[in-house]
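K.L.:
First the structure, which I've put down as structure tokens, then a few questions once you've had a look.
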Amino acid sequence: MPRLTPIDPAAAEGKAKTLLDGVQNKLGMVPNLFRTMAASPAVLESYLGFSQSLGGAGLSPREREQIALAVAGANACEYCASAHTAIGKGLGLSEAEATRNLAGEAEDPKTAAILAFATALVEKKGWVGDDDLDAVRAAGADDATVGEIVATVALNIFTNYFNHVARTEVDFPVVVVSAPQAA
């Protein structure tokens, strides 16, 4: 049961209504995550702006979804695992690849290096070693790409944590993720 109350887009007012209407127009639906964030329009607007900015960066939409899956898996966020599996499917990710991505793995070697780095960022709280950085660079990541991976991980940690606190009701086909192992 949700611990934060989602805003009904039909009852939304002011900035929340404007933002939720924009989501509806872009996606054709308003996911529960956005409805819940809309309780504070500043939170929803910040998320949407950060996400939109990364959309114009060098990582492909598919790579960003794969990072989102790896972060969701590392943080055991069922809402994000479910949402990004569905979005990834629309970008051509197979169910098997999405499952690999949730484990921080990928079939493609470059993507595997990106996801290993993303997972290391989560597990080490950003304190990655030179070996982590060297591995992603060896796969072709330049400084801009490394920065975009960090930003994509940070954006997804935000949504994971938000969903953990809110207990956002999953409104995508549910993907169950296991709780991460204690360090």
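Identifiers for the structure tokens are assigned positionally: chains receive A, B, ... in sequence, residues are indexed from 1 per chain, and ligands are indexed from 1 in the order shown.
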Any idea what's packed within 10 Å of range 141-150 of chain A, counting only C-alpha atoms, ignoring anything in its chain fewer than 2 positions away? Could you give it as a VMD selection string?

P.N.:
chain A and resid 54 57 to 59 63 to 64 67 110 113 to 115 117 to 118 121 to 122 126 133 to 139 152 to 156

K.L.:
Now that the selection is made, can you save its residues with N, CA and C atoms as a PDB file, in the first residue's frame?

P.N.:
```pdb
ATOM      1  N   LEU A  54      19.296  14.559 -19.888  1.00  0.00           N
ATOM      2  CA  LEU A  54      20.080  13.368 -20.212  1.00  0.00           C
ATOM      3  C   LEU A  54      19.641  12.752 -21.536  1.00  0.00           C
ATOM      4  N   ALA A  57      21.909  13.711 -24.330  1.00  0.00           N
ATOM      5  CA  ALA A  57      23.329  13.420 -24.135  1.00  0.00           C
ATOM      6  C   ALA A  57      23.780  12.309 -25.088  1.00  0.00           C
ATOM      7  N   GLY A  58      24.987  11.821 -24.884  1.00  0.00           N
ATOM      8  CA  GLY A  58      25.575  10.845 -25.790  1.00  0.00           C
ATOM      9  C   GLY A  58      25.126   9.407 -25.598  1.00  0.00           C
ATOM     10  N   LEU A  59      24.712   9.041 -24.383  1.00  0.00           N
ATOM     11  CA  LEU A  59      24.214   7.682 -24.181  1.00  0.00           C
ATOM     12  C   LEU A  59      22.914   7.505 -24.960  1.00  0.00           C
ATOM     13  N   GLU A  63      20.838   2.428 -23.891  1.00  0.00           N
ATOM     14  CA  GLU A  63      21.860   2.372 -22.841  1.00  0.00           C
ATOM     15  C   GLU A  63      21.349   2.973 -21.536  1.00  0.00           C
ATOM     16  N   ARG A  64      20.606   4.085 -21.630  1.00  0.00           N
ATOM     17  CA  ARG A  64      20.057   4.692 -20.409  1.00  0.00           C
ATOM     18  C   ARG A  64      19.062   3.754 -19.733  1.00  0.00           C
ATOM     19  N   ILE A  67      21.049   0.987 -18.010  1.00  0.00           N
ATOM     20  CA  ILE A  67      21.603   1.500 -16.747  1.00  0.00           C
ATOM     21  C   ILE A  67      20.493   1.563 -15.703  1.00  0.00           C
ATOM     22  N   LYS A 110      30.569  -3.776 -24.613  1.00  0.00           N
ATOM     23  CA  LYS A 110      30.600  -2.356 -24.220  1.00  0.00           C
ATOM     24  C   LYS A 110      29.501  -2.068 -23.192  1.00  0.00           C
ATOM     25  N   ALA A 113      30.380  -3.430 -19.812  1.00  0.00           N
ATOM     26  CA  ALA A 113      31.316  -2.569 -19.084  1.00  0.00           C
ATOM     27  C   ALA A 113      30.599  -1.360 -18.484  1.00  0.00           C
ATOM     28  N   ILE A 114      29.667  -0.783 -19.236  1.00  0.00           N
ATOM     29  CA  ILE A 114      28.888   0.361 -18.732  1.00  0.00           C
ATOM     30  C   ILE A 114      28.078  -0.069 -17.511  1.00  0.00           C
ATOM     31  N   LEU A 115      27.424  -1.227 -17.599  1.00  0.00           N
ATOM     32  CA  LEU A 115      26.588  -1.685 -16.486  1.00  0.00           C
ATOM     33  C   LEU A 115      27.430  -2.098 -15.283  1.00  0.00           C
ATOM     34  N   PHE A 117      30.205  -0.679 -14.448  1.00  0.00           N
ATOM     35  CA  PHE A 117      30.585   0.601 -13.845  1.00  0.00           C
ATOM     36  C   PHE A 117      29.402   1.208 -13.085  1.00  0.00           C
ATOM     37  N   ALA A 118      28.215   1.165 -13.695  1.00  0.00           N
ATOM     38  CA  ALA A 118      27.017   1.703 -13.034  1.00  0.00           C
ATOM     39  C   ALA A 118      26.745   0.964 -11.727  1.00  0.00           C
ATOM     40  N   LEU A 121      29.199   1.971  -9.114  1.00  0.00           N
ATOM     41  CA  LEU A 121      28.836   3.276  -8.547  1.00  0.00           C
ATOM     42  C   LEU A 121      27.816   3.124  -7.423  1.00  0.00           C
ATOM     43  N   VAL A 122      26.804   2.287  -7.658  1.00  0.00           N
ATOM     44  CA  VAL A 122      25.766   2.077  -6.642  1.00  0.00           C
ATOM     45  C   VAL A 122      26.367   1.375  -5.423  1.00  0.00           C
ATOM     46  N   GLY A 126      29.627   5.643  -5.158  1.00  0.00           N
ATOM     47  CA  GLY A 126      30.386   6.592  -5.953  1.00  0.00           C
ATOM     48  C   GLY A 126      31.888   6.476  -5.811  1.00  0.00           C
ATOM     49  N   LEU A 133      37.122   2.468 -13.290  1.00  0.00           N
ATOM     50  CA  LEU A 133      37.187   3.506 -14.323  1.00  0.00           C
ATOM     51  C   LEU A 133      37.975   3.019 -15.535  1.00  0.00           C
ATOM     52  N   ASP A 134      39.077   2.333 -15.306  1.00  0.00           N
ATOM     53  CA  ASP A 134      39.889   1.811 -16.409  1.00  0.00           C
ATOM     54  C   ASP A 134      39.084   0.830 -17.258  1.00  0.00           C
ATOM     55  N   ALA A 135      38.263  -0.003 -16.615  1.00  0.00           N
ATOM     56  CA  ALA A 135      37.486  -1.007 -17.348  1.00  0.00           C
ATOM     57  C   ALA A 135      36.450  -0.358 -18.261  1.00  0.00           C
ATOM     58  N   VAL A 136      35.754   0.660 -17.785  1.00  0.00           N
ATOM     59  CA  VAL A 136      34.746   1.296 -18.633  1.00  0.00           C
ATOM     60  C   VAL A 136      35.416   2.114 -19.733  1.00  0.00           C
ATOM     61  N   ARG A 137      36.565   2.693 -19.434  1.00  0.00           N
ATOM     62  CA  ARG A 137      37.309   3.424 -20.469  1.00  0.00           C
ATOM     63  C   ARG A 137      37.836   2.470 -21.541  1.00  0.00           C
ATOM     64  N   ALA A 138      38.281   1.301 -21.131  1.00  0.00           N
ATOM     65  CA  ALA A 138      38.783   0.304 -22.089  1.00  0.00           C
ATOM     66  C   ALA A 138      37.682  -0.139 -23.052  1.00  0.00           C
ATOM     67  N   ALA A 139      36.439  -0.015 -22.615  1.00  0.00           N
ATOM     68  CA  ALA A 139      35.294  -0.373 -23.466  1.00  0.00           C
ATOM     69  C   ALA A 139      34.879   0.780 -24.370  1.00  0.00           C
ATOM     70  N   THR A 152      23.174   9.377 -14.975  1.00  0.00           N
ATOM     71  CA  THR A 152      22.061   8.444 -15.174  1.00  0.00           C
ATOM     72  C   THR A 152      21.863   7.578 -13.936  1.00  0.00           C
ATOM     73  N   VAL A 153      22.955   7.147 -13.336  1.00  0.00           N
ATOM     74  CA  VAL A 153      22.859   6.381 -12.096  1.00  0.00           C
ATOM     75  C   VAL A 153      22.213   7.240 -11.001  1.00  0.00           C
ATOM     76  N   ALA A 154      22.667   8.482 -10.870  1.00  0.00           N
ATOM     77  CA  ALA A 154      22.120   9.368  -9.832  1.00  0.00           C
ATOM     78  C   ALA A 154      20.620   9.595 -10.021  1.00  0.00           C
ATOM     79  N   LEU A 155      20.204   9.830 -11.251  1.00  0.00           N
ATOM     80  CA  LEU A 155      18.776  10.033 -11.531  1.00  0.00           C
ATOM     81  C   LEU A 155      17.979   8.793 -11.133  1.00  0.00           C
ATOM     82  N   ASN A 156      18.513   7.628 -11.430  1.00  0.00           N
ATOM     83  CA  ASN A 156      17.794   6.396 -11.117  1.00  0.00           C
ATOM     84  C   ASN A 156      17.844   6.043  -9.642  1.00  0.00           C
TER      85      ASN A 156
END
```

K.L.:
Tell me, counting only C-alpha atoms, for each residue of range 45-145 of chain A within 12 Å of range 17-26 of chain A, which pair of atoms is nearest and how far apart they are in Å to one decimal, in rows ordered by chain and increasing number, as CSV.

P.N.:
```
residue,atom,partner,partner_atom,distance
A:Glu45,CA,A:Leu19,CA,7.1
A:Ser46,CA,A:Leu19,CA,10.8
A:Tyr47,CA,A:Leu19,CA,11.0
A:Leu48,CA,A:Leu19,CA,8.8
A:Gly49,CA,A:Leu19,CA,10.8
A:Gln52,CA,A:Lys26,CA,11.8
```

K.L.:
Give me a file of those residues, with C-alpha atoms, as a JSON list (two decimals), in the first residue's frame.

P.N.:
```json
[["chain", "number", "residue", "atom", "x", "y", "z"],
["A", 45, "GLU", "CA", 9.69, 19.19, -12.40],
["A", 46, "SER", "CA", 13.24, 18.44, -11.21],
["A", 47, "TYR", "CA", 12.96, 14.79, -12.21],
["A", 48, "LEU", "CA", 11.47, 15.62, -15.62],
["A", 49, "GLY", "CA", 14.10, 18.29, -16.31],
["A", 52, "GLN", "CA", 15.03, 15.43, -20.42]]
```

K.L.:
Enter the distance from CA of Gly90 in chain A to CA of Arg35 in chain A, in Å, rounded to one decimal.

P.N.:
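Separation of CA of Gly90 in chain A and CA of Arg35 in chain A: 22.1 Å.
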
K.L.:
Ranking A:Gly28, A:Pro2, A:Gly129, A:Thr159 by minimum distance to Ala81 in chain A and counting only C-alpha atoms, which one comes first?

P.N.:
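Under the stated criterion, the closest residue is A:Thr159.
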
K.L.:
Nearest residue to Glu78 in chain A out of A:Val43, A:Trp127, A:Glu105, A:Leu33, using only C-alpha atoms?

P.N.:
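Selected residue with least distance to Glu78 in chain A: A:Leu33.
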
K.L.:
Which is closer to Val176 in chain A than all the others in A:Ala116, A:Ala83, A:Ala106, A:Ala151, using only C-alpha atoms?

P.N.:
A:Ala83

K.L.:
Quick one: distance from CA of Ala86 in chain A to CA of Pro109 in chain A in Å, one decimal?

P.N.:
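Distance reported for this atom pair: 23.0 Å.
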
K.L.:
Between CA of Val71 in chain A and CA of Pro31 in chain A, measure the distance and give it in Å to one decimal.

P.N.:
19.2 Å

K.L.:
For Ala179 in chain A, list every protein, DNA or RNA residue within 10 Å, evaluated using only C-alpha atoms, and leave out those in the same chain fewer than 6 positions away; present the list as a VMD selection string.

P.N.:
chain A and resid 73 to 78

K.L.:
Apply DSSP to the backbone of this structure and, from chain A, keep only the residues in alpha helix (DSSP H); write these as a ChimeraX atom specification.

P.N.:
/A:14-27,32-37,41-55,61-74,78-90,95-102,109-123,130-138,143-166

K.L.:
Rank nothing, just name the residue among A:Arg100, A:His84, A:Arg3, A:Arg62 nearest to Phe162 in chain A, using only C-alpha atoms.

P.N.:
A:Arg3

K.L.:
Near Pro6 in chain A, within 10 Å and counting only C-alpha atoms, which residues show up once chain neighbours fewer than 2 positions away are dropped, as a VMD selection string?

P.N.:
chain A and resid 2 to 4 8 to 9 31 to 39 166 168 to 169

K.L.:
Using N, CA and C atoms, can you write the selected residues to a file as a compact mmCIF listing (two decimals), in the first residue's frame?

P.N.:
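The file below, result-v4.txt, is the result:
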```txt
# COMPACT_ATOMS: atom_id res chain seq x y z
N PRO A 2 0.58 2.19 -0.88
CA PRO A 2 1.40 3.41 -0.95
C PRO A 2 1.43 4.17 0.37
N ARG A 3 2.61 4.74 0.65
CA ARG A 3 2.76 5.56 1.85
C ARG A 3 2.68 7.04 1.53
N LEU A 4 2.83 7.40 0.25
CA LEU A 4 2.61 8.77 -0.22
C LEU A 4 1.46 8.72 -1.19
N ASP A 8 -4.39 12.59 -8.39
CA ASP A 8 -5.23 12.26 -9.54
C ASP A 8 -5.05 13.37 -10.57
N PRO A 9 -4.56 13.06 -11.77
CA PRO A 9 -4.35 14.12 -12.76
C PRO A 9 -5.60 14.94 -13.04
N PRO A 31 2.17 7.63 -15.31
CA PRO A 31 2.57 6.57 -14.38
C PRO A 31 2.44 7.02 -12.92
N ASN A 32 2.22 6.06 -12.05
CA ASN A 32 2.04 6.35 -10.63
C ASN A 32 3.24 7.07 -10.02
N LEU A 33 4.44 6.81 -10.50
CA LEU A 33 5.61 7.54 -10.00
C LEU A 33 5.40 9.04 -10.16
N PHE A 34 4.98 9.47 -11.34
CA PHE A 34 4.79 10.90 -11.60
C PHE A 34 3.61 11.45 -10.81
N ARG A 35 2.56 10.67 -10.67
CA ARG A 35 1.41 11.10 -9.87
C ARG A 35 1.83 11.33 -8.42
N THR A 36 2.71 10.47 -7.93
CA THR A 36 3.15 10.58 -6.55
C THR A 36 4.13 11.74 -6.38
N MET A 37 5.03 11.91 -7.33
CA MET A 37 5.95 13.05 -7.27
C MET A 37 5.22 14.38 -7.35
N ALA A 38 4.07 14.39 -8.01
CA ALA A 38 3.33 15.64 -8.23
C ALA A 38 2.82 16.28 -6.95
N ALA A 39 2.86 15.57 -5.82
CA ALA A 39 2.49 16.20 -4.56
C ALA A 39 3.37 17.42 -4.31
N ALA A 166 7.93 5.92 -0.92
CA ALA A 166 6.50 6.06 -1.25
C ALA A 166 5.77 4.74 -1.31
N THR A 168 5.40 3.16 -4.08
CA THR A 168 4.60 3.45 -5.26
C THR A 168 4.00 2.16 -5.83
N GLU A 169 2.70 2.20 -6.09
CA GLU A 169 2.02 1.04 -6.67
C GLU A 169 2.49 0.86 -8.11
```

K.L.:
Go through A:Phe158, A:Phe50, A:Tyr79, A:Phe172 one by one, measure the shortest atom-to-atom distance of each to Met29 in chain A using only C-alpha atoms, and give the residue with the smallest value.

P.N.:
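Residue with the minimum atom-to-atom distance to Met29 in chain A: A:Phe172.
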